[in-house]
Structures are given as structure tokens and as C-alpha cells.
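A short write-up of the structure that comes next.
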Amino acid sequence: MTSLEKLTRKNIWNLAPYSCARNEFTGTTATVFLDANENPYGGTFNRYPDPLQTELKKKIEQVKGIPADYTFVGNGSDEAIDLMYRCFCEPRVDNVVAIEPTYGMYKVCADINDVEYRPVLLDEHYQITADTLLAACDEHTKLIWICSPNNPTGNDIQREEVIKVIDSFQGIVIVDEAYSDFSRQRPLRFELPRHPNMVVLNTLSKAWASAAIRLGMAFASPAIVDIMNKVKYPYNVNLLSQQQAIKVLSDPFEVDRWIQMILQERSRTIEAFRQLDICEEVFPSDANFFLARVTDAQRIYDYLVEKGIIVRNRTRIMLCHNCLRITIGTRNENNELIGALRTFR
Ligand SMILES: *Cc1c(COP(=O)(O)O)cnc(C)c1O
């Protein structure tokens, strides 16, 4: 791996971060806080929240098995995605490589940060070889984006190829495991100590049923986490979200039950979908959604909208012509979808 100093933008490496009141004081015995211009009245939410989310990270360590100094917590994974560009990519000089098709935010954030985005097409099984990805890199490639299980295709990317990319690439490889709770593969975050150039993204928005609180995590070496923490807004995760995140993480068994129900429903819904006249192909899924090729994605999408059922029309995405992406809902919701599609003509 190239040294972190060389990978980081010069202005960021040299940045003196904003020193907030909550950061400056680190003792534990104080009871009179006159350092942050807060209103002393008004109860629970009058104080600034912990900028480094110490209590939440302890809970994350219990549940996810990753120590606090390997953990960045952000306002959704989307914050971590944007931060990777702001920390490591010099606008109009550096570039990034990503699998294609994949999650749209990698490209949007590249465009916002004026960084060249190099999509590399998946093969007909929605897989990629390490050599193909590496061939798209040059001396200005700072980041490689891999999403596994991938959105919108739904499948795991072959683990050996992902590891080969991480081991061969001199820059940073980000593996987005937003859907790993639904996959049978062992989460890559457990391999963190062996891969100092790997960043693993997790989120509470999917299996953890907390999309509304905007809580994402990036797991990486403490050196990378330090750089991200230096650049983030001081109070990037509000207290309501920190408290609610601690609450949902305190009942992982409830989440396991949800995941089991969703996986059962996934098998049942895919089986029923395959029997439909409109179905051409359902692609294998390791996530809480599936991608299906249908006879006429646009007409079927419009028909479902009219019935109040919203799926994602992916027909204009590369390799996804006439494809719909369908999230697994409750048993009743899935039945409504299948029922509606049976009467499509
Ligand atoms: C949904 C999703 C996320 C979640 O983003 P948040 O900002 O944490 O809600 C991240 N990555 C992928 C690939 C996703 O599909």
C-alpha cells in the first residue's frame, strides 16, 4: 500500500481540524459546563452531542465486533462515501474506479467533488475479476469501489476476486457491505487487521430498520478513521440518532428474526415471481431485494404505480435493460405485488 500521507490530499493531511468545546475537555469529573455557549435550561437536548460518539461506538463494538478506534460513524453511509473523496481525491487530478452497475452515490459524490469516475462493467453473471478492475487503474487512482452484495444486481461479488483487488491495489479499496446481513458470506469487516487499505461500509438503514435516523459506519484502520474524523462536521451525528442507534443495537436478536422472515419471504416471492408470464429471469439475490428481467419494465412499472405499488425501474441502467429491482416487504405486501402482476396484460 502507498503511504497514507501520499494517498491523502495535501491540504487534508496538513489540516488543523476545528477544535470544538466537547473535544477540548476530556476529563470526567466536571459538573459545570460553561464552555460551549449552550443554554443551561431546557432539558435533554440543550447540550452538544459527543462529536466522536463514544457510547455508540462501544455498543457497535459489542454487536459488530469492531473496536472504537477502527470505527467512523456518519450521517448515513452517504457521509462516509462523500468523505472518501474529500479526504483522498484531488479534484481534476485523481480518479476512482468502480464496478458498474452499482450504487449511484459513488458516482454522484465523484461528480460533486469533480473527481473522474471510471466505471468497469460487470460480466453477464454480474461478477468481475480483480484483473479487470486493476486494468482500469493508473497512478492517479486513489479509490476502488466494490459493493457486495451489489446494488442493484443483488449478488455477492466473488470473495477471492475482492481480496485479490485489496491485496494488489496500492490505494484504498472500499467494500460497501450495506446488505451483508442478508448474505451467507462472512462479513469482510472481520478481515480488517489484515488489510490496512480496506474500508468497509455498514449502515443501520437496511437490516437494522433505521433508515430514518441516518446512521452509517465505516470500518478501517485507525489512521484512516482519524483522517475521516478530522474532516467531518464536528457534530455530524445528532443526539437523537445516537440514542436511537444504541437502542436498536441493543436488540440484535430482534433483527435476526426480521432477517430470517425476510429471507423466507425472498425465496417465496422469487418462486412466485418466476411463474409469472411477465418474468424473463430472476437474478440470484444475497440481499433483501431481487433484480428481475421482465417483458416490458416501463409498462409494468407504470401499471404497478397505478395500483399504488412502487418498485424500482432499472431499465436505463447498464446491463439492466427491462429490469425491475424489487424490495422484499411483508408477506402481505409481497402477495399484493404478485397478485397485481398476475392480472397484468
Ligand atoms: C442503501 C444503501 C446504503 C445506505 O446508505 P445510508 O446513507 O446509510 O442510508 C449504502 N450503500 C448501498 C449500496 C446501499 O444500497
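Simple scheme: letters A, B, ... for chains in C-alpha cells order, numbers from 1 for residues in each chain, numbers from 1 for ligands in the order shown.
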
Applying 9 Å and only C-alpha atoms, which residues near Met105 of chain A remain after dropping the ones on its own chain fewer than 6 positions away? List them as a ChimeraX atom specification. /A:78,81-82

Return as a PyMOL selection string the residues of protein, DNA or RNA that approach ligand 1 to within 8 Å, with only C-alpha atoms and all ligand atoms taken into account. chain A and resi 75-79+102-103+105+147-152+176-179+201-206+211+214-217

Write a file of the just-selected residues containing N, CA and C atoms, as a short mmCIF file (atom, residue, chain, number, x, y, z; two decimals), in the first residue's frame.
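The new file result-v2.cif reads:
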data_model
loop_
_atom_site.label_atom_id
_atom_site.label_comp_id
_atom_site.auth_asym_id
_atom_site.auth_seq_id
_atom_site.Cartn_x
_atom_site.Cartn_y
_atom_site.Cartn_z
N ASN A 75 -23.48 10.43 9.24
CA ASN A 75 -24.87 10.74 8.93
C ASN A 75 -25.28 9.90 7.70
N GLY A 76 -25.49 8.60 7.92
CA GLY A 76 -25.68 7.65 6.83
C GLY A 76 -24.34 7.24 6.25
N SER A 77 -24.32 6.11 5.51
CA SER A 77 -23.08 5.74 4.80
C SER A 77 -22.74 6.80 3.78
N ASP A 78 -23.78 7.50 3.33
CA ASP A 78 -23.54 8.52 2.30
C ASP A 78 -22.51 9.55 2.76
N GLU A 79 -22.49 9.87 4.05
CA GLU A 79 -21.47 10.81 4.52
C GLU A 79 -20.07 10.21 4.37
N THR A 102 -23.71 -0.21 -10.16
CA THR A 102 -23.64 -0.30 -8.70
C THR A 102 -24.41 0.86 -8.08
N TYR A 103 -24.26 1.04 -6.77
CA TYR A 103 -24.95 2.09 -6.02
C TYR A 103 -24.60 3.47 -6.59
N MET A 105 -24.58 6.52 -5.50
CA MET A 105 -23.93 7.62 -4.77
C MET A 105 -22.42 7.71 -5.00
N CYS A 147 -19.20 -2.99 -4.20
CA CYS A 147 -20.40 -3.13 -3.37
C CYS A 147 -20.79 -4.60 -3.39
N SER A 148 -20.83 -5.24 -2.20
CA SER A 148 -21.11 -6.67 -2.14
C SER A 148 -21.85 -7.02 -0.85
N PRO A 149 -23.04 -7.58 -0.94
CA PRO A 149 -23.89 -7.79 -2.12
C PRO A 149 -24.12 -6.47 -2.86
N ASN A 150 -24.13 -6.59 -4.20
CA ASN A 150 -24.18 -5.37 -5.01
C ASN A 150 -25.61 -4.87 -5.19
N ASN A 151 -25.74 -3.58 -5.20
CA ASN A 151 -27.00 -2.91 -5.54
C ASN A 151 -26.79 -2.30 -6.92
N PRO A 152 -27.61 -2.54 -7.93
CA PRO A 152 -28.94 -3.14 -7.90
C PRO A 152 -28.99 -4.62 -8.27
N ASP A 176 -18.53 -1.89 0.19
CA ASP A 176 -19.81 -1.48 0.78
C ASP A 176 -20.63 -2.71 1.11
N GLU A 177 -20.75 -3.01 2.41
CA GLU A 177 -21.49 -4.19 2.85
C GLU A 177 -22.83 -3.81 3.48
N ALA A 178 -23.51 -2.86 2.84
CA ALA A 178 -24.83 -2.41 3.33
C ALA A 178 -25.80 -3.58 3.48
N TYR A 179 -25.63 -4.63 2.65
CA TYR A 179 -26.58 -5.75 2.63
C TYR A 179 -25.98 -7.04 3.18
N LEU A 201 -17.99 -0.42 4.55
CA LEU A 201 -19.15 0.40 4.91
C LEU A 201 -20.29 -0.49 5.42
N ASN A 202 -20.90 -0.07 6.52
CA ASN A 202 -22.11 -0.70 7.06
C ASN A 202 -23.14 0.40 7.31
N THR A 203 -24.38 0.01 7.47
CA THR A 203 -25.43 1.01 7.69
C THR A 203 -26.52 0.43 8.59
N LEU A 204 -27.23 1.30 9.28
CA LEU A 204 -28.42 0.85 10.03
C LEU A 204 -29.69 1.00 9.18
N SER A 205 -29.52 1.40 7.90
CA SER A 205 -30.69 1.72 7.06
C SER A 205 -31.41 0.50 6.50
N LYS A 206 -30.78 -0.67 6.48
CA LYS A 206 -31.40 -1.81 5.80
C LYS A 206 -31.85 -2.84 6.84
N ALA A 211 -33.56 3.44 8.71
CA ALA A 211 -33.18 4.37 7.64
C ALA A 211 -33.42 5.82 8.04
N ARG A 214 -30.55 8.01 9.87
CA ARG A 214 -29.33 8.32 9.13
C ARG A 214 -28.09 7.94 9.93
N LEU A 215 -27.80 6.66 9.97
CA LEU A 215 -26.64 6.21 10.74
C LEU A 215 -25.84 5.21 9.92
N GLY A 216 -24.64 5.62 9.51
CA GLY A 216 -23.77 4.74 8.75
C GLY A 216 -22.43 4.59 9.44
N MET A 217 -21.74 3.50 9.12
CA MET A 217 -20.43 3.24 9.72
C MET A 217 -19.40 2.96 8.64
#

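If you look at atom CA of Cys279 of chain A and atom CA of Glu124 of chain A, they are 18.1 Å away from each other.
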
Work out how far apart atom CA of Asn332 of chain A and atom CA of Val305 of chain A are and give it in Å to one decimal.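 According to the coordinates, atom CA of Asn332 of chain A and atom CA of Val305 of chain A are separated by 17.2 Å.
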
Excluding Phe219 of chain A and its own-chain neighbours fewer than 6 positions away, which residues fall within 12 Å of it when counting only C-alpha atoms? Please give them as number ranges by chain. A: 57, 60-61, 64-74, 77, 80, 173-177, 187-193, 195-203, 225-226, 228

Give me, as number ranges by chain, the residues of segment 1-199 of chain A that a backbone DSSP run labels alpha helix (DSSP H). A: 4-7, 10-13, 21-24, 54-64, 77-88, 105-112, 130-135, 159-168

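Nearest to Pro119 of chain A of all the residues A:Lys107, A:Lys59, A:Arg9, A:His321 is A:Lys107, based on only C-alpha atoms.
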